[in-house]
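Note: the block below is protein35.txt and it holds compact mmCIF, C-alpha atoms and all ligand atoms.
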```txt
# COMPACT_ATOMS: atom_id res chain seq x y z
CA MET F 112 63.07 17.35 113.41
CA TYR F 113 62.95 19.54 116.48
CA PRO F 114 66.25 20.52 118.14
CA PRO F 115 66.80 18.67 121.42
CA ALA F 116 65.51 20.50 124.48
CA VAL F 117 68.16 22.18 126.62
CA GLN F 118 69.07 19.98 129.60
CA LEU F 119 70.43 22.03 132.46
CA LEU F 120 72.30 20.43 135.33
CA ILE F 121 72.72 22.62 138.40
CA SER F 122 75.07 21.42 141.15
CA SER F 123 76.44 22.77 144.41
CA GLN F 124 77.96 19.72 146.13
CA PHE F 125 81.44 21.22 146.33
CA ASP F 126 83.53 23.51 148.56
CA SER F 127 81.34 26.47 149.58
CA GLY F 128 78.52 25.38 147.28
CA ASN F 129 75.01 26.48 148.22
CA ILE F 130 71.80 26.26 146.20
CA GLU F 131 68.65 24.17 146.08
CA VAL F 132 66.88 23.58 142.78
CA ILE F 133 63.11 23.99 142.76
CA ASP F 134 62.66 23.69 138.98
CA ALA F 135 65.29 23.78 136.23
CA THR F 136 63.27 22.45 133.31
CA ASP F 137 62.90 25.82 131.56
CA PRO F 138 66.16 27.86 131.07
CA ALA F 139 64.02 31.00 130.85
CA ASP F 140 62.56 30.37 134.33
CA VAL F 141 64.95 28.45 136.54
CA GLN F 142 63.70 28.55 140.13
CA LEU F 143 66.21 28.21 142.97
CA ARG F 144 66.46 28.65 146.74
CA ILE F 145 69.42 29.43 149.01
CA ARG F 146 69.88 26.75 151.69
CA PRO F 147 69.88 28.40 155.16
CA ASP F 148 72.62 28.00 157.80
CA PRO F 149 71.81 25.81 160.83
CA PRO F 150 69.53 27.48 163.41
CA THR F 151 71.23 30.14 165.59
CA SER F 152 69.96 31.78 168.78
CA THR F 153 70.06 35.56 168.63
CA PRO F 154 68.57 38.32 170.82
CA ARG F 155 65.69 38.28 168.27
CA GLY F 156 65.09 34.56 168.77
CA VAL F 157 66.22 31.58 166.74
CA VAL F 158 67.06 32.50 163.15
CA ARG F 159 68.54 30.75 160.13
CA PHE F 160 70.90 33.08 158.29
CA PHE F 161 71.39 32.88 154.55
CA GLN F 162 72.58 35.08 151.70
CA TRP F 163 75.65 33.27 150.30
CA PHE F 164 75.10 31.23 147.14
CA HIS F 165 77.52 29.39 144.86
CA PHE F 166 76.54 26.88 142.17
CA ARG F 167 77.42 25.58 138.72
CA VAL F 168 75.13 25.46 135.70
CA ALA F 169 76.09 22.93 133.02
CA GLY F 170 74.64 22.64 129.52
CA ALA F 171 73.71 26.26 128.82
CA ARG F 172 76.34 27.46 126.32
CA GLY F 173 74.71 30.20 124.28
CA VAL F 174 71.36 29.72 126.04
CA PRO F 175 69.81 32.82 127.66
CA LEU F 176 69.32 31.89 131.31
CA THR F 177 66.92 33.47 133.76
CA LEU F 178 67.79 32.25 137.26
CA ARG F 179 65.38 33.25 140.01
CA ILE F 180 66.32 32.90 143.67
CA MET F 181 62.84 32.64 145.12
CA ASN F 182 63.66 33.05 148.85
CA ALA F 183 65.97 36.08 148.47
CA GLY F 184 63.43 38.24 150.31
CA GLU F 185 63.83 36.12 153.46
CA ALA F 186 67.65 36.41 153.44
CA ALA F 187 69.58 37.85 156.38
CA TYR F 188 69.86 41.25 154.66
CA PRO F 189 67.08 41.57 152.06
CA ASP F 190 67.81 45.30 151.58
CA ALA F 191 71.31 44.35 150.46
CA TRP F 192 69.97 42.94 147.16
CA GLU F 193 69.18 46.49 146.02
CA GLY F 194 71.99 47.58 143.71
CA TYR F 195 73.65 44.17 143.90
CA GLN F 196 75.08 42.29 140.90
CA ALA F 197 75.96 38.59 141.16
CA VAL F 198 79.34 37.29 139.94
CA ALA F 199 79.88 34.54 137.36
CA SER F 200 82.89 32.73 135.93
CA THR F 201 83.53 30.08 133.28
CA ASP F 202 87.07 29.33 134.49
CA ARG F 203 86.68 29.90 138.28
CA GLU F 204 89.56 32.37 138.04
CA HIS F 205 88.00 35.48 136.51
CA TRP F 206 84.71 36.60 138.05
CA LEU F 207 82.59 39.23 136.36
CA ARG F 208 79.36 40.89 137.41
CA VAL F 209 76.21 39.77 135.58
CA ASN F 210 72.82 41.39 135.14
CA THR F 211 70.92 41.03 138.43
CA THR F 212 67.66 42.57 139.61
CA TYR F 213 65.64 42.33 142.81
CA GLU F 214 61.87 42.63 142.87
CA ASP F 215 59.08 41.31 145.10
CA GLY F 216 61.46 39.23 147.19
CA VAL F 217 63.00 37.45 144.18
CA LEU F 218 66.59 37.92 142.99
CA THR F 219 66.80 37.41 139.22
CA ILE F 220 70.06 36.76 137.36
CA GLU F 221 69.93 36.97 133.56
CA HIS F 222 72.94 35.77 131.62
CA THR F 223 73.91 33.85 128.48
CA PRO F 224 76.95 31.66 129.27
CA GLN F 225 79.77 31.47 126.74
CA GLY F 226 80.82 28.00 127.96
CA ASP F 227 79.23 24.65 128.78
CA ALA F 228 79.92 25.20 132.47
CA ILE F 229 79.44 28.42 134.41
CA TRP F 230 79.65 29.14 138.11
CA PHE F 231 77.56 31.79 139.85
CA ALA F 232 78.29 33.13 143.35
CA TYR F 233 77.47 35.91 145.80
CA PHE F 234 81.13 37.04 145.69
CA ALA F 235 84.26 35.51 144.10
CA PRO F 236 84.73 32.33 146.18
CA PHE F 237 88.02 31.57 147.93
CA ALA F 238 88.30 27.79 148.14
CA LEU F 239 89.87 25.89 151.04
CA ASP F 240 92.38 24.53 148.50
CA ARG F 241 93.51 28.07 147.82
CA HIS F 242 93.70 28.67 151.58
CA ALA F 243 95.89 25.54 151.85
CA ASP F 244 98.13 26.86 149.05
CA LEU F 245 98.47 30.16 150.92
CA ILE F 246 99.35 28.41 154.20
CA GLY F 247 101.88 26.21 152.39
CA TRP F 248 103.51 29.23 150.75
CA CYS F 249 103.68 31.13 154.06
CA ALA F 250 104.97 28.10 155.98
CA GLU F 251 107.92 27.89 153.57
CA SER F 252 108.89 31.50 154.25
CA ASP F 253 111.84 32.31 156.49
CA PHE F 254 109.69 35.03 158.08
CA ALA F 255 106.68 32.91 159.11
CA ARG F 256 106.02 29.99 161.40
CA LEU F 257 102.88 27.87 161.25
CA ALA F 258 101.53 27.37 164.77
CA PRO F 259 97.98 25.94 164.54
CA LEU F 260 95.67 26.85 167.41
CA GLY F 261 93.80 23.53 167.39
CA THR F 262 91.00 21.89 165.47
CA THR F 263 87.50 22.89 164.44
CA LEU F 264 84.32 20.88 165.07
CA ASP F 265 84.62 19.19 161.65
CA GLY F 266 88.25 18.32 162.41
CA ARG F 267 89.99 20.99 160.30
CA SER F 268 93.15 22.75 161.45
CA LEU F 269 92.59 26.24 162.83
CA ASP F 270 95.75 27.72 161.36
CA ARG F 271 97.69 30.56 162.97
CA LEU F 272 100.80 32.04 161.35
CA VAL F 273 103.35 33.83 163.53
CA VAL F 274 105.38 36.46 161.68
CA GLY F 275 108.06 38.83 162.97
CA SER F 276 109.95 39.12 166.23
CA GLY F 277 109.24 42.62 167.55
CA PRO F 278 107.95 43.45 171.03
CA ALA F 279 104.50 44.70 169.99
CA VAL F 280 101.82 42.02 169.54
CA ALA F 281 99.32 42.25 166.69
CA TRP F 282 96.48 39.80 166.06
CA ILE F 283 94.89 39.80 162.62
CA ILE F 284 92.01 37.42 161.92
CA ALA F 285 89.57 36.90 159.03
CA ARG F 286 86.58 34.84 157.84
CA GLN F 287 84.72 34.54 161.15
CA HIS F 288 81.74 34.86 158.82
CA PRO F 289 82.26 32.19 156.18
CA GLY F 290 80.19 33.88 153.46
CA GLU F 291 82.60 36.86 153.42
CA SER F 292 85.17 35.51 150.98
CA MET F 293 86.55 39.01 150.33
CA ALA F 294 88.29 38.67 153.71
CA SER F 295 90.37 35.78 152.34
CA TRP F 296 91.35 37.74 149.22
CA TRP F 297 92.41 40.57 151.57
CA MET F 298 94.49 38.09 153.62
CA GLU F 299 96.21 36.81 150.48
CA GLY F 300 97.29 40.35 149.59
CA PHE F 301 98.34 41.14 153.14
CA LEU F 302 100.42 37.98 153.66
CA THR F 303 102.02 38.20 150.20
CA ARG F 304 103.36 41.67 151.03
CA LEU F 305 104.13 40.94 154.70
CA LEU F 306 106.44 38.07 153.68
CA ASP F 307 108.02 39.83 150.69
CA PRO F 308 111.80 39.92 151.32
CA ASP F 309 112.14 42.94 149.01
CA ASP F 310 109.55 45.11 150.79
CA ALA F 311 111.34 47.41 153.25
CA LEU F 312 108.20 48.51 155.10
CA ALA F 313 107.09 44.91 155.61
CA ALA F 314 110.56 44.17 156.99
CA LYS F 315 110.19 47.13 159.35
CA LEU F 316 106.84 45.81 160.59
CA ARG F 317 108.31 42.33 161.14
CA GLY F 318 111.00 43.98 163.28
CA LEU F 319 108.59 46.11 165.29
CA ALA F 320 105.97 43.46 166.03
CA THR F 321 105.16 39.82 166.42
CA LEU F 322 102.07 39.24 164.30
CA HIS F 323 99.66 36.39 165.02
CA ILE F 324 97.54 35.84 161.92
CA VAL F 325 94.52 33.55 161.62
CA PRO F 326 93.66 33.76 157.91
CA HIS F 327 90.55 31.58 158.20
CA MET F 328 88.58 31.45 161.46
CA ASN F 329 85.70 29.39 160.06
CA PRO F 330 86.81 26.79 157.50
CA ASP F 331 83.92 24.46 158.41
CA GLY F 332 81.29 27.09 157.70
CA SER F 333 82.88 28.16 154.44
CA PHE F 334 83.17 24.58 153.15
CA ARG F 335 79.52 24.00 154.05
CA GLY F 336 78.43 27.09 152.12
CA HIS F 337 77.23 28.96 155.23
CA LEU F 338 76.76 32.72 155.42
CA ARG F 339 77.49 33.42 159.10
CA THR F 340 77.85 30.27 161.23
CA ASN F 341 80.20 27.37 161.95
CA ALA F 342 79.34 23.65 161.89
CA ALA F 343 77.35 23.94 165.14
CA GLY F 344 75.36 26.94 163.94
CA ALA F 345 77.32 29.43 166.08
CA ASN F 346 77.83 32.97 164.78
CA LEU F 347 81.48 33.18 165.81
CA ASN F 348 81.45 36.96 166.02
CA ARG F 349 78.85 36.75 168.80
CA GLU F 350 80.82 34.20 170.86
CA TRP F 351 83.72 36.30 172.20
CA ALA F 352 82.29 36.89 175.70
CA THR F 353 81.70 33.20 176.51
CA PRO F 354 83.20 30.90 173.86
CA SER F 355 82.90 27.15 174.45
CA ALA F 356 84.67 24.03 173.19
CA GLU F 357 81.34 22.48 172.20
CA ARG F 358 79.90 25.42 170.31
CA SER F 359 82.71 27.79 169.27
CA PRO F 360 86.16 26.20 169.69
CA GLU F 361 87.49 28.51 166.95
CA VAL F 362 86.91 31.54 169.20
CA LEU F 363 87.87 29.77 172.46
CA LEU F 364 91.24 28.66 171.06
CA THR F 365 91.98 32.09 169.59
CA ARG F 366 91.00 33.99 172.75
CA GLU F 367 93.08 31.66 174.94
CA ALA F 368 96.11 32.24 172.71
CA MET F 369 95.48 36.00 172.85
CA ASP F 370 95.40 35.84 176.66
CA GLU F 371 98.82 34.14 176.55
CA THR F 372 100.44 36.66 174.19
CA GLY F 373 98.63 39.85 175.16
CA VAL F 374 97.32 42.12 172.38
CA ASP F 375 98.47 45.61 171.35
CA VAL F 376 96.57 45.77 168.04
CA CYS F 377 93.69 43.59 166.83
CA LEU F 378 92.19 43.63 163.36
CA ASP F 379 89.20 41.46 162.34
CA VAL F 380 88.42 41.36 158.60
CA HIS F 381 84.83 41.09 157.27
CA GLY F 382 82.49 41.95 154.42
CA ASP F 383 79.28 43.99 154.60
CA GLU F 384 76.28 43.01 152.51
CA GLU F 385 74.68 46.44 152.28
CA LEU F 386 77.16 49.33 152.19
CA PRO F 387 79.13 49.88 148.94
CA TYR F 388 82.24 51.14 150.75
CA ASN F 389 85.31 49.98 152.68
CA PHE F 390 85.13 51.12 156.28
CA ILE F 391 86.20 50.31 159.82
CA ALA F 392 84.07 49.87 162.94
CA GLY F 393 85.82 50.65 166.21
CA ALA F 394 85.04 49.83 169.83
CA GLU F 395 83.84 53.24 171.05
CA GLY F 396 80.96 51.82 173.09
CA ILE F 397 82.98 49.61 175.46
CA PRO F 398 82.80 50.42 179.19
CA GLY F 399 86.55 51.01 179.46
CA TRP F 400 86.99 53.20 176.34
CA THR F 401 89.96 55.54 176.80
CA ALA F 402 91.25 58.73 175.21
CA ALA F 403 94.33 56.79 174.09
CA GLN F 404 92.14 54.26 172.27
CA ALA F 405 90.24 57.10 170.58
CA ARG F 406 93.48 58.74 169.46
CA ASP F 407 94.94 55.46 168.17
CA LEU F 408 91.74 54.68 166.25
CA ALA F 409 91.60 58.13 164.61
CA ARG F 410 95.22 57.87 163.51
CA PHE F 411 94.76 54.33 162.20
CA LEU F 412 91.79 55.41 160.05
CA ASP F 413 93.67 58.42 158.65
CA ASP F 414 96.73 56.30 157.88
CA TYR F 415 94.72 53.58 156.13
CA GLU F 416 92.90 56.14 153.99
CA ARG F 417 96.24 57.66 153.01
CA SER F 418 97.80 54.30 152.17
CA ASN F 419 94.84 53.22 150.00
CA PRO F 420 92.03 55.61 148.95
CA ASP F 421 89.71 52.62 148.41
CA PHE F 422 89.34 52.90 152.19
CA GLN F 423 87.20 55.80 153.44
CA GLN F 424 85.75 57.22 156.67
CA VAL F 425 82.55 58.96 155.55
CA HIS F 426 80.25 55.90 155.34
CA GLY F 427 80.03 53.18 157.99
CA TYR F 428 78.07 51.85 160.94
CA PRO F 429 76.61 54.21 163.55
CA ILE F 430 79.00 54.55 166.50
CA ASP F 431 77.83 52.88 169.73
CA PRO F 432 77.00 55.38 172.50
CA PRO F 433 79.32 55.06 175.54
CA GLY F 434 78.82 51.87 177.51
CA THR F 435 76.45 50.21 175.05
CA ALA F 436 78.88 48.03 173.08
CA ASN F 437 78.06 44.36 172.50
CA LEU F 438 81.00 42.56 174.13
CA THR F 439 80.24 39.26 172.37
CA ILE F 440 81.92 40.74 169.26
CA CYS F 441 85.66 40.23 168.72
CA THR F 442 86.57 43.90 168.29
CA THR F 443 84.80 45.13 171.41
CA GLN F 444 85.78 42.14 173.59
CA ILE F 445 89.46 42.53 172.69
CA ALA F 446 89.40 46.33 173.09
CA GLU F 447 87.88 45.93 176.56
CA ARG F 448 90.02 42.95 177.57
CA PHE F 449 93.37 44.43 176.56
CA GLY F 450 92.68 48.19 176.44
CA CYS F 451 94.18 48.22 172.95
CA LEU F 452 93.45 49.39 169.42
CA SER F 453 90.89 46.90 168.09
CA VAL F 454 88.94 47.30 164.85
CA THR F 455 86.67 45.52 162.38
CA LEU F 456 87.36 46.08 158.69
CA GLU F 457 84.33 45.79 156.40
CA MET F 458 84.60 45.44 152.62
CA PRO F 459 81.64 45.55 150.23
CA PHE F 460 79.96 42.68 148.43
CA LYS F 461 78.84 45.20 145.82
CA ASP F 462 81.46 47.76 144.84
CA ASN F 463 83.25 50.82 146.13
CA ALA F 464 80.76 53.51 145.08
CA ASN F 465 83.54 56.13 145.24
CA ARG F 466 85.51 54.34 142.52
CA PRO F 467 83.12 51.90 140.85
CA ASP F 468 84.14 49.14 138.44
CA PRO F 469 81.03 48.12 136.45
CA ASP F 470 82.67 44.93 135.09
CA ALA F 471 84.10 43.41 138.27
CA GLY F 472 82.60 45.44 141.14
CA TRP F 473 84.60 45.13 144.35
CA SER F 474 87.01 42.43 143.18
CA PRO F 475 89.56 39.92 144.49
CA GLU F 476 92.38 42.07 143.09
CA ARG F 477 91.19 45.17 144.92
CA CYS F 478 90.76 43.14 148.14
CA ARG F 479 94.38 42.01 147.75
CA GLN F 480 95.54 45.59 147.24
CA LEU F 481 93.62 46.75 150.32
CA GLY F 482 95.22 43.91 152.30
CA ALA F 483 98.71 44.88 151.15
CA SER F 484 97.97 48.51 152.09
CA ILE F 485 97.38 47.70 155.79
CA ILE F 486 101.17 47.51 156.32
CA GLU F 487 101.52 51.32 156.49
CA PRO F 488 98.85 51.98 159.16
CA LEU F 489 100.06 48.96 161.16
CA VAL F 490 103.62 50.32 161.20
CA GLN F 491 102.30 53.73 162.31
CA ALA F 492 100.11 52.15 165.00
CA ILE F 493 103.03 50.22 166.47
CA ALA F 494 106.02 52.53 165.90
ZN ZN K 501 81.09 39.64 158.99
```
structure tokens encoding of this file:
Amino acid sequence: MYPPAVQLLISSQFDSGNIEVIDATDPADVQLRIRPDPPTSTPRGVVRFFQWFHFRVAGARGVPLTLRIMNAGEAAYPDAWEGYQAVASTDREHWLRVNTTYEDGVLTIEHTPQGDAIWFAYFAPFALDRHADLIGWCAESDFARLAPLGTTLDGRSLDRLVVGSGPAVAWIIARQHPGESMASWWMEGFLTRLLDPDDALAAKLRGLATLHIVPHMNPDGSFRGHLRTNAAGANLNREWATPSAERSPEVLLTREAMDETGVDVCLDVHGDEELPYNFIAGAEGIPGWTAAQARDLARFLDDYERSNPDFQQVHGYPIDPPGTANLTICTTQIAERFGCLSVTLEMPFKDNANRPDPDAGWSPERCRQLGASIIEPLVQAIA
């Protein structure tokens, strides 16, 4: 008798799932595609972003799998696949890097699962259930108040937490780009420390400032498994000049609330597909850039590097020449609008090349640590 053929079942109909199966009959040559985001208008014309993937393979315990993502070469950042290792988990709690190669436009993942079910993803996912747990935990704290900004296009709450009672106003937002789940892990670390009754520096920050925190700017996009857009196909971080209720209510509601409170410090948390480093992009190219903004930015970068050496200043984006900034981006719009310190934090999908971890790469735990470490530079920026 022959042994029964392996029957794989690949699924992605769940929170932040994204994959399409072309052919899964042969475990040694499983052919897949990433489903693109809805069409988005950009200065380069209409594009459909994709790079995020997240799916489960059932029925492959002990079976060597070769999974080939056939459209990887048409992704938003094809160069980012170089040096990239996918993550996998059998318990959805611990995510480890697995053997991944990129050649001729195809991303190939080779792995032999140790369990009947295994999940693969672009980065450790952060489910909306976990976001709800985080909001619930914060909303029970004596130091936080839940003050939602409104609802998204799919009818989800756009949650804002208000923490502290000091005169300075800080806005900290994350997950404008839904495929950047590291931003949620960062938020979890940041909020856990900010609301810790035993942390003296967190208490000092809560006394110096009132912090408005939007942990998840794009819950619709993340649930739908998008890389960069919301339910209407809007790239939220290109909507800050002219947000609209029809297309980008998440940005409109946040910007209106910012206009009410004023802003002294703004931090927008992201992930970068290509660079294997943690870095910050400032707003140097805005028309109204001031010497005070330059001084505040330089100090903030130095303080963050001191508080957590996983952050660095050597590698990052090129700095915009004076007057050339794109004011549709949160960081530049807010820096121009309020004349304040306004920055974008980028974390890697790959790893921190200065302190690599071959097993986990840049990991949820290190995101959490980097989030907790923002307390020191924030205190210095406000004090
Ligand atoms: Zn981003």
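Taking atom CA of Glu350 of chain F and atom CA of Leu264 of chain F as endpoints, the distance between them is 14.9 Å.
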Which residues sit within 10 Å of ligand ZN 501 (chain K), counting only C-alpha atoms and all ligand atoms, listed as a ChimeraX atom specification? /F:285-292,294,338-339,346-348,379-384,455-458
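Using only C-alpha atoms for every distance, the candidate list F:Ala238, F:Leu207, F:Leu257, F:Leu269 yields F:Leu269 as the residue closest to Met328 of chain F.
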Counting all atoms listed in the file, closest pick from F:Leu438, F:Val198, F:Met293, F:Val141 relative to Glu476 of chain F is F:Met293
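Checking F:Pro147, F:Val157, F:Leu119, F:Arg256 one by one against Val174 of chain F, counting all atoms listed in the file, you find the shortest gap at F:Leu119.
Distance check against Thr372 of chain F using all atoms listed in the file: of F:Pro150, F:Gly472, F:Pro278, F:Pro236, the minimum falls on F:Pro278.
The shell of residues at most 8 Å from Pro360 of chain F, with all atoms listed in the file counted and near chain neighbours (fewer than 6 positions) removed, consists of F:Thr262, F:Thr263, F:Leu264, F:Pro354.
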Write out the residues from the selection above, keeping C-alpha atoms, as a PDB file, keeping the file's coordinate frame.
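The result, stored in out02.pdb:
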```pdb
ATOM      1  CA  THR F 262      91.000  21.890 165.470  1.00  0.00           C
ATOM      2  CA  THR F 263      87.500  22.890 164.440  1.00  0.00           C
ATOM      3  CA  LEU F 264      84.320  20.880 165.070  1.00  0.00           C
ATOM      4  CA  PRO F 354      83.200  30.900 173.860  1.00  0.00           C
TER       5      PRO F 354
END
```
Would you kindly return, as an NGL selection string, each protein, DNA or RNA residue with an atom no farther than 9 Å from any atom of Arg203 of chain F, considering all atoms listed in the file and excluding same-chain residues fewer than 2 positions away? :F and (199-201 or 205-206 or 229-230 or 235-236)
Could you work out how far atom CA of Trp296 of chain F lies from atom CA of Asp244 of chain F, giving the answer in Å with one decimal? 12.8 Å
Atom CA of Leu364 of chain F to atom CA of Glu447 of chain F measures 18.4 Å
